[in-house]
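Visitor: Here you go, start.txt (compact mmCIF, C-alpha atoms):
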# COMPACT_ATOMS: atom_id res chain seq x y z
CA MET W 407 8.03 -6.34 -1.00
CA LYS W 408 5.30 -4.06 -2.31
CA PHE W 409 5.91 -0.31 -2.33
CA PHE W 410 3.06 2.00 -1.42
CA VAL W 411 3.59 5.76 -1.68
CA ASP W 412 2.47 7.79 1.31
CA THR W 413 1.34 11.01 -0.30
CA ALA W 414 -1.51 12.81 -2.02
CA ASP W 415 0.86 14.56 -4.45
CA VAL W 416 -0.42 13.28 -7.80
CA PRO W 417 2.61 14.35 -9.91
CA ALA W 418 4.97 12.66 -7.41
CA ILE W 419 2.91 9.46 -7.59
CA ALA W 420 2.91 9.60 -11.38
CA GLU W 421 6.71 9.98 -11.52
CA LEU W 422 7.31 6.91 -9.35
CA ASN W 423 4.56 4.97 -11.09
CA GLU W 424 6.31 5.38 -14.44
CA LEU W 425 9.33 3.59 -12.93
CA GLY W 426 7.23 0.71 -11.63
CA MET W 427 7.79 1.78 -8.03
CA VAL W 428 4.11 2.12 -7.07
CA ASP W 429 2.14 -0.94 -5.98
CA GLY W 430 -0.38 1.19 -4.10
CA VAL W 431 -0.91 4.50 -2.31
CA THR W 432 -1.74 5.51 1.24
CA THR W 433 -3.43 8.83 1.82
CA ASN W 434 -5.16 10.56 4.69
CA PRO W 435 -7.37 13.66 4.91
CA SER W 436 -4.50 15.76 6.27
CA LEU W 437 -2.27 14.94 3.31
CA ILE W 438 -5.02 15.82 0.84
CA LYS W 439 -5.94 19.01 2.70
CA LYS W 440 -2.41 20.28 2.11
CA SER W 441 -3.12 20.17 -1.62
CA GLY W 442 -6.10 22.50 -1.15
CA ARG W 443 -8.30 20.21 -3.22
CA ASP W 444 -11.44 18.16 -2.59
CA ILE W 445 -10.74 14.83 -0.84
CA LEU W 446 -12.96 12.71 -3.09
CA GLU W 447 -11.66 14.38 -6.26
CA VAL W 448 -7.99 13.80 -5.39
CA THR W 449 -8.64 10.24 -4.27
CA LYS W 450 -10.41 9.45 -7.55
CA GLU W 451 -7.52 10.90 -9.54
CA ILE W 452 -5.04 8.72 -7.65
CA CYS W 453 -7.23 5.62 -8.11
CA ASP W 454 -7.32 6.24 -11.86
CA LEU W 455 -3.55 6.60 -11.95
CA VAL W 456 -2.47 3.45 -10.09
CA GLU W 457 -3.73 -0.13 -10.33
CA GLY W 458 -3.04 -1.17 -6.74
CA PRO W 459 -4.88 -0.40 -3.51
CA VAL W 460 -5.42 3.24 -2.55
CA SER W 461 -6.06 3.69 1.16
CA ALA W 462 -8.63 6.37 1.90
CA GLU W 463 -9.24 7.16 5.57
CA VAL W 464 -12.52 7.70 7.41
CA VAL W 465 -12.74 10.67 9.76
CA ALA W 466 -15.48 9.37 12.07
CA THR W 467 -14.72 7.72 15.41
CA GLU W 468 -17.90 5.67 15.94
CA ALA W 469 -18.42 2.36 14.17
CA ASP W 470 -21.71 3.11 12.40
CA GLN W 471 -20.42 6.38 11.01
CA MET W 472 -17.13 4.77 9.98
CA ILE W 473 -19.04 2.12 8.07
CA ALA W 474 -21.16 4.76 6.33
CA GLU W 475 -18.09 6.81 5.41
CA GLY W 476 -16.27 3.67 4.29
CA ARG W 477 -19.09 2.72 1.95
CA LYS W 478 -19.06 6.26 0.52
CA LEU W 479 -15.31 6.01 -0.11
CA LEU W 480 -15.74 2.63 -1.77
CA GLU W 481 -17.94 4.27 -4.41
CA ILE W 482 -14.90 6.18 -5.70
CA ALA W 483 -13.19 3.20 -7.35
CA ASP W 484 -12.74 -0.56 -7.18
CA ASN W 485 -9.21 -0.25 -5.79
CA ILE W 486 -10.13 1.70 -2.67
CA ALA W 487 -9.00 0.29 0.67
CA VAL W 488 -10.88 1.86 3.55
CA LYS W 489 -8.52 2.99 6.28
CA VAL W 490 -9.85 2.78 9.85
CA PRO W 491 -8.08 3.33 13.20
CA LEU W 492 -7.22 0.46 15.52
CA THR W 493 -9.90 1.17 18.10
CA TRP W 494 -12.74 -1.10 19.15
CA ASP W 495 -15.09 0.87 16.91
CA GLY W 496 -12.55 0.66 14.11
CA LEU W 497 -12.42 -3.12 14.48
CA LYS W 498 -16.23 -3.26 14.31
CA ALA W 499 -16.16 -1.24 11.11
CA CYS W 500 -13.37 -3.44 9.74
CA LYS W 501 -15.41 -6.58 10.33
CA VAL W 502 -18.52 -5.23 8.60
CA LEU W 503 -16.67 -3.76 5.62
CA SER W 504 -14.41 -6.78 5.14
CA ASP W 505 -17.44 -9.09 5.31
CA ASP W 506 -18.88 -6.96 2.49
CA GLY W 507 -15.80 -7.81 0.43
CA ALA W 508 -14.02 -4.48 0.84
CA MET W 509 -10.30 -4.03 1.39
CA VAL W 510 -9.65 -2.56 4.84
CA ASN W 511 -6.41 -1.02 6.12
CA VAL W 512 -6.34 -0.91 9.93
CA THR W 513 -3.97 1.86 10.92
CA LEU W 514 -2.32 3.27 14.06
CA CYS W 515 -1.13 -0.15 15.22
CA PHE W 516 1.44 -0.15 18.01
CA SER W 517 1.36 -3.68 19.42
CA ALA W 518 1.23 -7.31 18.30
CA ASN W 519 -1.99 -7.76 20.29
CA GLN W 520 -3.64 -5.01 18.25
CA ALA W 521 -2.40 -6.64 15.04
CA LEU W 522 -3.87 -9.96 16.14
CA LEU W 523 -7.27 -8.35 16.71
CA ALA W 524 -7.17 -6.71 13.27
CA ALA W 525 -6.38 -10.02 11.57
CA LYS W 526 -9.29 -11.71 13.33
CA ALA W 527 -11.57 -8.85 12.24
CA GLY W 528 -10.64 -9.54 8.61
CA ALA W 529 -8.25 -6.67 7.89
CA THR W 530 -6.60 -6.73 4.48
CA PHE W 531 -3.68 -4.67 5.79
CA ILE W 532 -2.36 -3.87 9.25
CA SER W 533 -0.30 -0.68 9.51
CA PRO W 534 2.23 -0.70 12.37
CA PHE W 535 3.81 2.73 12.83
CA ILE W 536 7.57 2.27 13.06
CA GLY W 537 8.74 5.88 13.31
CA ARG W 538 6.30 6.88 16.02
CA LEU W 539 7.52 4.02 18.22
CA ASP W 540 11.11 5.08 17.61
CA ASP W 541 10.13 8.60 18.70
CA ILE W 542 9.34 7.33 22.22
CA ASN W 543 12.46 5.14 22.43
CA LEU W 544 10.72 1.88 21.57
CA ASP W 545 11.88 -0.44 18.78
CA GLY W 546 9.56 -0.07 15.82
CA MET W 547 11.29 -2.86 13.91
CA GLN W 548 10.72 -5.28 16.78
CA LEU W 549 7.00 -4.71 16.35
CA ILE W 550 7.23 -5.69 12.67
CA GLU W 551 9.10 -8.84 13.67
CA ASP W 552 6.57 -9.71 16.39
CA ILE W 553 3.61 -9.31 14.04
CA ARG W 554 5.35 -11.38 11.36
CA THR W 555 5.85 -14.21 13.87
CA VAL W 556 2.25 -14.10 15.08
CA TYR W 557 0.76 -14.04 11.59
CA ASP W 558 3.02 -16.85 10.40
CA ASN W 559 2.15 -18.96 13.45
CA TYR W 560 -1.54 -18.93 12.54
CA ASN W 561 -1.46 -18.39 8.77
CA TYR W 562 -3.29 -15.06 8.87
CA GLU W 563 -3.67 -13.54 5.42
CA THR W 564 -3.62 -9.93 6.66
CA GLU W 565 -0.65 -8.16 5.05
CA ILE W 566 1.85 -6.28 7.20
CA LEU W 567 2.08 -2.73 5.86
CA ALA W 568 5.08 -1.08 7.52
CA ALA W 569 4.13 2.57 8.00
CA SER W 570 5.59 5.74 9.50
CA ILE W 571 8.78 4.91 7.59
CA ARG W 572 11.27 7.74 7.68
CA THR W 573 14.61 6.31 6.64
CA ALA W 574 16.18 3.95 4.12
CA ASN W 575 17.16 1.71 7.05
CA HIS W 576 13.49 1.34 7.99
CA VAL W 577 12.80 0.03 4.48
CA ALA W 578 15.73 -2.40 4.47
CA GLU W 579 14.89 -3.78 7.91
CA SER W 580 11.20 -4.15 7.07
CA ALA W 581 12.14 -6.10 3.96
CA ARG W 582 14.60 -8.27 5.89
CA ILE W 583 12.00 -9.15 8.52
CA GLY W 584 9.39 -9.92 5.88
CA ALA W 585 6.86 -7.08 5.91
CA ASP W 586 4.55 -7.57 2.93
CA VAL W 587 4.30 -3.88 2.11
CA MET W 588 5.97 -0.65 3.10
CA THR W 589 4.59 2.84 2.66
CA ALA W 590 6.82 5.89 2.58
CA PRO W 591 6.91 9.44 1.23
CA PRO W 592 8.34 9.87 -2.27
CA ALA W 593 11.56 11.41 -0.90
CA VAL W 594 12.30 8.32 1.19
CA ILE W 595 11.70 6.00 -1.77
CA LYS W 596 14.03 8.06 -3.95
CA ALA W 597 16.66 8.04 -1.20
CA LEU W 598 16.89 4.25 -1.47
CA ALA W 599 19.04 4.75 -4.58
CA ASN W 600 21.64 6.80 -2.71
CA HIS W 601 24.99 5.50 -1.49
CA PRO W 602 28.22 7.48 -0.99
CA LEU W 603 30.31 4.76 -2.63
CA THR W 604 28.10 4.91 -5.73
CA ASP W 605 28.67 8.67 -5.89
CA LYS W 606 32.40 8.21 -5.36
CA GLY W 607 32.64 5.47 -7.97
CA LEU W 608 30.69 7.47 -10.54
CA ALA W 609 32.89 10.54 -9.98
CA ALA W 610 36.04 8.45 -10.51
CA PHE W 611 34.55 6.84 -13.62
CA LEU W 612 33.63 10.20 -15.14
CA ALA W 613 37.10 11.55 -14.41
CA ASP W 614 38.70 8.57 -16.19
CA ILE W 615 36.40 8.95 -19.17
CA LYS W 616 37.18 12.66 -19.45
CA ASP W 617 40.95 12.07 -19.25
CA ALA W 618 40.76 9.37 -21.91
CA GLY W 619 38.62 11.51 -24.20
CA ILE W 620 36.11 8.66 -24.61
CA LYS W 621 32.76 9.45 -26.27
CA ILE W 622 29.90 7.23 -27.37
CA LEU W 623 27.80 9.85 -29.19
In structure tokens, write the structure found in this file.
Guide:
Amino acid sequence: MKFFVDTADVPAIAELNELGMVDGVTTNPSLIKKSGRDILEVTKEICDLVEGPVSAEVVATEADQMIAEGRKLLEIADNIAVKVPLTWDGLKACKVLSDDGAMVNVTLCFSANQALLAAKAGATFISPFIGRLDDINLDGMQLIEDIRTVYDNYNYETEILAASIRTANHVAESARIGADVMTAPPAVIKALANHPLTDKGLAAFLADIKDAGIKIL
């Protein structure tokens, strides 16, 4: 499974990247706005830092404007993936940009039918939002499973990018089902290393070492 980091925090991306935990990055204008910096400047800095796809989102809602904005974003770097919403206009933009050879991430997906449309429009990535479905008492993981089945049935090459991931369980279940990619904030990725039995075992080990007076250096 590929790990994308869902942030515009450049130092946080760099820290995870040094550990080999960054296969790509997902950003959006809201995330970058929080940094107080220029959207294009931050996006370029992230693209220079990581080798994998960096999703940069359009802000327009009409197809022609989305296409124009997408082409502007593509000038930033070769590893830009244009992020468009799963609307009819977004699908139109996806088709044009993907036909041009661009990577396109179709976001705000909440049904298998929407994912099917995105695949037929040539999307590189489809981003189903797990957490937001859970928020309204629907099963976000079931959506990942449904999309996986549909794509496997027809050999679609669109990659399932599990998004709106909020917990370590979301990551584990997405991996179990077979999502190609997951994107999560740095804190969630770091939390994957945590387990109470690891903490307990380490504490017992350190106590034994101290009692035995063992030193290596």
Visitor: With all atoms listed in the file as the basis for distance, which of W:Pro592, W:Asp506, W:Gly496, W:Val465 is at the shortest distance from W:Arg477?
Guide: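 Smallest distance to W:Arg477 is found for W:Asp506.
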Visitor: Between atom CA of W:Ala466 and atom CA of W:Val490, measure the distance and give it in Å to one decimal.
Guide: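 Atom-to-atom, atom CA of W:Ala466 and atom CA of W:Val490 are spaced 8.9 Å apart.
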Visitor: Using Å and a single decimal, report how far atom CA of W:Pro491 sits from atom CA of W:Leu522.
Guide: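 Between these atoms lies a distance of 14.2 Å.
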Visitor: Go ahead and compute the interatomic distance for atom CA of W:Thr432 and atom CA of W:Ala599, in Å to one decimal.
Guide: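 About the pair atom CA of W:Thr432 and atom CA of W:Ala599: they are 21.6 Å apart.
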Visitor: Between W:Pro534, W:Pro459, W:Pro417, W:Gly442, which one has atoms that come closest to W:Gly430, using all atoms listed in the file?
Guide: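 When distances to W:Gly430 are compared using all atoms listed in the file, the smallest one comes from W:Pro459.
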Visitor: Leaving out W:Ala469 and any residue of its chain fewer than 3 positions from it, which residues lie within 6 Å of it when counting all atoms listed in the file, given as a PyMOL selection string?
Guide: chain W and resi 472+495+499
Visitor: Just need the box for stretch 425-443 of chain W, edges along x, y and z, holding every atom the file lists for it with 4 Å tacked onto each side, so centre and edge lengths in Å to one decimal, as AutoDock Vina command-line options.
Guide:
--center_x 0.5 --center_y 10.8 --center_z -3.3 --size_x 25.6 --size_y 31.4 --size_z 27.2
